[in-house]
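In what follows, a single structure is set out as structure tokens and then discussed.
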Amino acid sequence: MTVAPTPVFEALIVPHRSLTGAGVSALIGLLACFSVVVGLRFGLLGAWPVALFSFLEIPLAVVLLMLNMRQARASELIMLTADVLTVVRTDPAGRRTHISMSAAWLRVDLDEDRGLPHVVLSTHGRRCEVGSFLHEANKVSLFEALRDALHRGRNPLFDNPQLLDG
């Protein structure tokens, strides 16, 4: 039986969504009520094109909000052990891709492209961007945390009480 290596660094990155499932349901309900009231009002006034568009916007809004909620199922798991950095990406459909890179030669860079930072991992000619859906400050924080974890892994501190003066 093999023992899995202990992670030195682990981060689960998910896209930020301000609405929960209950919030989306409440928003759809409010939008539907408002659209029905507007549609009926203009329908009674004889402006049937406005009423038609008012009733058509409800399913369109529902589809767009459901697509937004589906995108929230994406994630990225970054796990660094003493030997390997693994990135496991899960797309909104649930499909996973694994990328593994040797930690010995790994570089973590913060590239600035048109003023926007990108956290890029590279080793032996392979490049991989991580945290692409994070905000700018969070990308910088991820970069610093990964850089520090790599530094600690390559430069461990040994606590040997026998070497202390005293």
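Order determines the names: the first chain of the structure tokens is A, the second B, and so forth; residues in each chain are numbered 1 upward, and ligands are numbered 1 upward as they are shown.
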Per residue of range 52-95 of chain A within 10 Å of range 15-18 of chain A, what are the shortest atom pair and its distance in Å to one decimal, counting only C-alpha atoms, with rows by chain and residue number, as a tab-separated table?
```
residue	atom	partner	partner_atom	distance
A:Asn68	CA	A:Arg17	CA	8.5
A:Met69	CA	A:Arg17	CA	7.9
A:Gln71	CA	A:Pro15	CA	8.0
A:Ala72	CA	A:Pro15	CA	5.7
A:Arg73	CA	A:Pro15	CA	8.0
A:Ala74	CA	A:Pro15	CA	7.0
A:Ser75	CA	A:Pro15	CA	7.0
A:Glu76	CA	A:Pro15	CA	9.3
```
Keeping only N, CA and C atoms, write those residues as a PDB file, in the first residue's frame.
```
ATOM      1  N   ASN A  68     -25.414  31.124 -16.489  1.00  0.00           N
ATOM      2  CA  ASN A  68     -24.524  31.731 -15.510  1.00  0.00           C
ATOM      3  C   ASN A  68     -24.293  30.786 -14.329  1.00  0.00           C
ATOM      4  N   MET A  69     -25.343  30.160 -13.839  1.00  0.00           N
ATOM      5  CA  MET A  69     -25.207  29.223 -12.715  1.00  0.00           C
ATOM      6  C   MET A  69     -24.416  27.985 -13.135  1.00  0.00           C
ATOM      7  N   GLN A  71     -21.970  27.912 -15.303  1.00  0.00           N
ATOM      8  CA  GLN A  71     -20.563  28.295 -15.347  1.00  0.00           C
ATOM      9  C   GLN A  71     -19.929  28.279 -13.951  1.00  0.00           C
ATOM     10  N   ALA A  72     -20.724  28.434 -12.919  1.00  0.00           N
ATOM     11  CA  ALA A  72     -20.209  28.449 -11.547  1.00  0.00           C
ATOM     12  C   ALA A  72     -19.740  27.064 -11.101  1.00  0.00           C
ATOM     13  N   ARG A  73     -20.064  26.020 -11.865  1.00  0.00           N
ATOM     14  CA  ARG A  73     -19.637  24.672 -11.489  1.00  0.00           C
ATOM     15  C   ARG A  73     -18.194  24.388 -11.877  1.00  0.00           C
ATOM     16  N   ALA A  74     -17.565  25.300 -12.595  1.00  0.00           N
ATOM     17  CA  ALA A  74     -16.160  25.125 -12.971  1.00  0.00           C
ATOM     18  C   ALA A  74     -15.280  25.302 -11.735  1.00  0.00           C
ATOM     19  N   SER A  75     -14.130  24.633 -11.739  1.00  0.00           N
ATOM     20  CA  SER A  75     -13.194  24.783 -10.627  1.00  0.00           C
ATOM     21  C   SER A  75     -11.789  24.424 -11.080  1.00  0.00           C
ATOM     22  N   GLU A  76     -10.839  24.775 -10.240  1.00  0.00           N
ATOM     23  CA  GLU A  76      -9.440  24.473 -10.492  1.00  0.00           C
ATOM     24  C   GLU A  76      -8.803  24.103  -9.159  1.00  0.00           C
TER      25      GLU A  76
END
```
* **Neighbour list for Ala137 in chain A as a PyMOL selection string, cut-off 10 Å, only C-alpha atoms, skip fewer than 5 positions in-chain** => chain A and resi 117+142-143
If you keep C-alpha atoms, can you produce a file of those selected residues as a compact mmCIF listing (two decimals), in the first residue's frame?
```
# COMPACT_ATOMS: atom_id res chain seq x y z
CA PRO A 117 -1.90 39.86 -14.35
CA LEU A 142 -2.31 33.19 -5.56
CA PHE A 143 1.03 34.01 -7.19
```
* To do: Work out how far apart CA of Leu134 in chain A and CA of Pro7 in chain A are and give it in Å to one decimal.
  =>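 Straight-line distance from CA of Leu134 in chain A to CA of Pro7 in chain A works out to 22.4 Å.
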* To do: Excluding Asp83 in chain A and any residue of its chain fewer than 5 positions from it, enumerate the residues within 8 Å of it, using only C-alpha atoms, and give them as a ChimeraX atom specification.
  => /A:102-104
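Here the question is which of A:Arg89, A:Thr81, A:Gly131, A:Leu31 gets nearest to Leu110 in chain A using only C-alpha atoms, and that residue is A:Gly131.
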Per-residue DSSP, range 85-156 of chain A, filtered to alpha helix (DSSP H), as a PDB file with C-alpha atoms, in the first residue's frame:
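Below is the file states.pdb, written as the result:
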```pdb
ATOM      1  CA  GLU A 136      -6.608  40.913 -10.139  1.00  0.00           C
ATOM      2  CA  ALA A 137      -5.899  41.070  -6.388  1.00  0.00           C
ATOM      3  CA  ASN A 138      -6.678  37.367  -5.976  1.00  0.00           C
ATOM      4  CA  LYS A 139      -4.293  36.469  -8.835  1.00  0.00           C
ATOM      5  CA  VAL A 140      -1.506  38.375  -7.112  1.00  0.00           C
ATOM      6  CA  SER A 141      -2.334  36.608  -3.825  1.00  0.00           C
ATOM      7  CA  LEU A 142      -2.305  33.194  -5.557  1.00  0.00           C
ATOM      8  CA  PHE A 143       1.031  34.011  -7.187  1.00  0.00           C
ATOM      9  CA  GLU A 144       2.580  35.013  -3.858  1.00  0.00           C
ATOM     10  CA  ALA A 145       1.227  31.932  -2.053  1.00  0.00           C
ATOM     11  CA  LEU A 146       2.497  29.559  -4.767  1.00  0.00           C
ATOM     12  CA  ARG A 147       5.883  31.285  -4.923  1.00  0.00           C
ATOM     13  CA  ASP A 148       6.266  31.111  -1.130  1.00  0.00           C
ATOM     14  CA  ALA A 149       5.205  27.439  -1.020  1.00  0.00           C
ATOM     15  CA  LEU A 150       7.767  26.563  -3.701  1.00  0.00           C
ATOM     16  CA  HIS A 151      10.448  28.477  -1.806  1.00  0.00           C
ATOM     17  CA  ARG A 152       9.617  26.682   1.462  1.00  0.00           C
ATOM     18  CA  GLY A 153       9.701  23.325  -0.335  1.00  0.00           C
ATOM     19  CA  ARG A 154      13.094  24.017  -1.874  1.00  0.00           C
TER      20      ARG A 154
END
```
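For the pair CA of Leu12 in chain A and CA of Leu64 in chain A, the interatomic distance is 26.0 Å.
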* What is the CA of Phe42 in chain A to CA of Val63 in chain A distance in Å? ->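 Computing the Euclidean distance for CA of Phe42 in chain A and CA of Val63 in chain A yields 24.4 Å.
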Could you give me, as a PDB file with N, CA and C atoms, in the first residue's frame, the residues within 12 Å of Met66 in chain A, counting only C-alpha atoms and dropping anything in the same chain fewer than 4 positions from it?
```
ATOM      1  N   LEU A  19     -24.961  35.467  -6.697  1.00  0.00           N
ATOM      2  CA  LEU A  19     -26.290  34.908  -6.436  1.00  0.00           C
ATOM      3  C   LEU A  19     -26.199  33.415  -6.147  1.00  0.00           C
ATOM      4  N   THR A  20     -26.921  32.979  -5.144  1.00  0.00           N
ATOM      5  CA  THR A  20     -27.044  31.554  -4.863  1.00  0.00           C
ATOM      6  C   THR A  20     -28.213  31.007  -5.683  1.00  0.00           C
ATOM      7  N   GLY A  21     -28.467  29.721  -5.595  1.00  0.00           N
ATOM      8  CA  GLY A  21     -29.606  29.125  -6.295  1.00  0.00           C
ATOM      9  C   GLY A  21     -30.925  29.733  -5.844  1.00  0.00           C
ATOM     10  N   GLY A  23     -31.303  32.736  -4.607  1.00  0.00           N
ATOM     11  CA  GLY A  23     -31.323  34.104  -5.110  1.00  0.00           C
ATOM     12  C   GLY A  23     -31.731  34.171  -6.565  1.00  0.00           C
ATOM     13  N   VAL A  24     -31.239  33.217  -7.363  1.00  0.00           N
ATOM     14  CA  VAL A  24     -31.625  33.154  -8.777  1.00  0.00           C
ATOM     15  C   VAL A  24     -33.111  32.874  -8.901  1.00  0.00           C
ATOM     16  N   SER A  25     -33.621  31.954  -8.092  1.00  0.00           N
ATOM     17  CA  SER A  25     -35.058  31.640  -8.128  1.00  0.00           C
ATOM     18  C   SER A  25     -35.896  32.860  -7.761  1.00  0.00           C
ATOM     19  N   LEU A  27     -34.996  36.017  -8.053  1.00  0.00           N
ATOM     20  CA  LEU A  27     -34.856  36.993  -9.124  1.00  0.00           C
ATOM     21  C   LEU A  27     -35.747  36.634 -10.318  1.00  0.00           C
ATOM     22  N   ILE A  28     -35.787  35.368 -10.674  1.00  0.00           N
ATOM     23  CA  ILE A  28     -36.642  34.921 -11.780  1.00  0.00           C
ATOM     24  C   ILE A  28     -38.110  35.170 -11.435  1.00  0.00           C
ATOM     25  N   PRO A  59     -38.504  33.745 -20.568  1.00  0.00           N
ATOM     26  CA  PRO A  59     -37.678  32.556 -20.828  1.00  0.00           C
ATOM     27  C   PRO A  59     -36.236  32.903 -21.185  1.00  0.00           C
ATOM     28  N   LEU A  60     -36.025  34.031 -21.859  1.00  0.00           N
ATOM     29  CA  LEU A  60     -34.662  34.433 -22.190  1.00  0.00           C
ATOM     30  C   LEU A  60     -33.858  34.700 -20.915  1.00  0.00           C
ATOM     31  N   ALA A  61     -34.442  35.398 -19.972  1.00  0.00           N
ATOM     32  CA  ALA A  61     -33.754  35.677 -18.704  1.00  0.00           C
ATOM     33  C   ALA A  61     -33.480  34.386 -17.938  1.00  0.00           C
ATOM     34  N   VAL A  62     -34.436  33.458 -17.951  1.00  0.00           N
ATOM     35  CA  VAL A  62     -34.243  32.178 -17.260  1.00  0.00           C
ATOM     36  C   VAL A  62     -33.072  31.416 -17.879  1.00  0.00           C
ATOM     37  N   ARG A  70     -24.573  27.558 -14.373  1.00  0.00           N
ATOM     38  CA  ARG A  70     -23.834  26.389 -14.870  1.00  0.00           C
ATOM     39  C   ARG A  70     -22.335  26.691 -14.905  1.00  0.00           C
ATOM     40  N   GLN A  71     -21.970  27.912 -15.303  1.00  0.00           N
ATOM     41  CA  GLN A  71     -20.563  28.295 -15.347  1.00  0.00           C
ATOM     42  C   GLN A  71     -19.929  28.279 -13.951  1.00  0.00           C
ATOM     43  N   ALA A  72     -20.724  28.434 -12.919  1.00  0.00           N
ATOM     44  CA  ALA A  72     -20.209  28.449 -11.547  1.00  0.00           C
ATOM     45  C   ALA A  72     -19.740  27.064 -11.101  1.00  0.00           C
ATOM     46  N   ARG A  73     -20.064  26.020 -11.865  1.00  0.00           N
ATOM     47  CA  ARG A  73     -19.637  24.672 -11.489  1.00  0.00           C
ATOM     48  C   ARG A  73     -18.194  24.388 -11.877  1.00  0.00           C
ATOM     49  N   PRO A  92     -17.524  23.353 -16.643  1.00  0.00           N
ATOM     50  CA  PRO A  92     -18.913  23.382 -16.170  1.00  0.00           C
ATOM     51  C   PRO A  92     -19.684  22.092 -16.423  1.00  0.00           C
TER      52      PRO A  92
END
```
* To do: For Asp109 in chain A, please output as number ranges by chain all residues within 8 Å (counting only C-alpha atoms; exclusion window: fewer than 6 positions along the same chain).
  => A: 118-121, 143
Export of the given selection (C-alpha atoms) as an mmCIF file, in the first residue's frame:
```cif
data_model
loop_
_atom_site.group_PDB
_atom_site.id
_atom_site.type_symbol
_atom_site.label_atom_id
_atom_site.label_comp_id
_atom_site.auth_asym_id
_atom_site.auth_seq_id
_atom_site.Cartn_x
_atom_site.Cartn_y
_atom_site.Cartn_z
ATOM 1 C CA HIS A 118 -1.754 36.170 -15.284
ATOM 2 C CA VAL A 119 -0.327 33.476 -12.984
ATOM 3 C CA VAL A 120 1.757 31.240 -15.246
ATOM 4 C CA LEU A 121 3.447 27.977 -14.260
ATOM 5 C CA PHE A 143 1.031 34.011 -7.187
#
```
* Check the DSSP output for the backbone and give back, as a PyMOL selection string, the residues of range 1-163 of chain A in strand (DSSP E). => chain A and resi 9-13+75-80+84-90+96-102+107-113+116-123+126-130
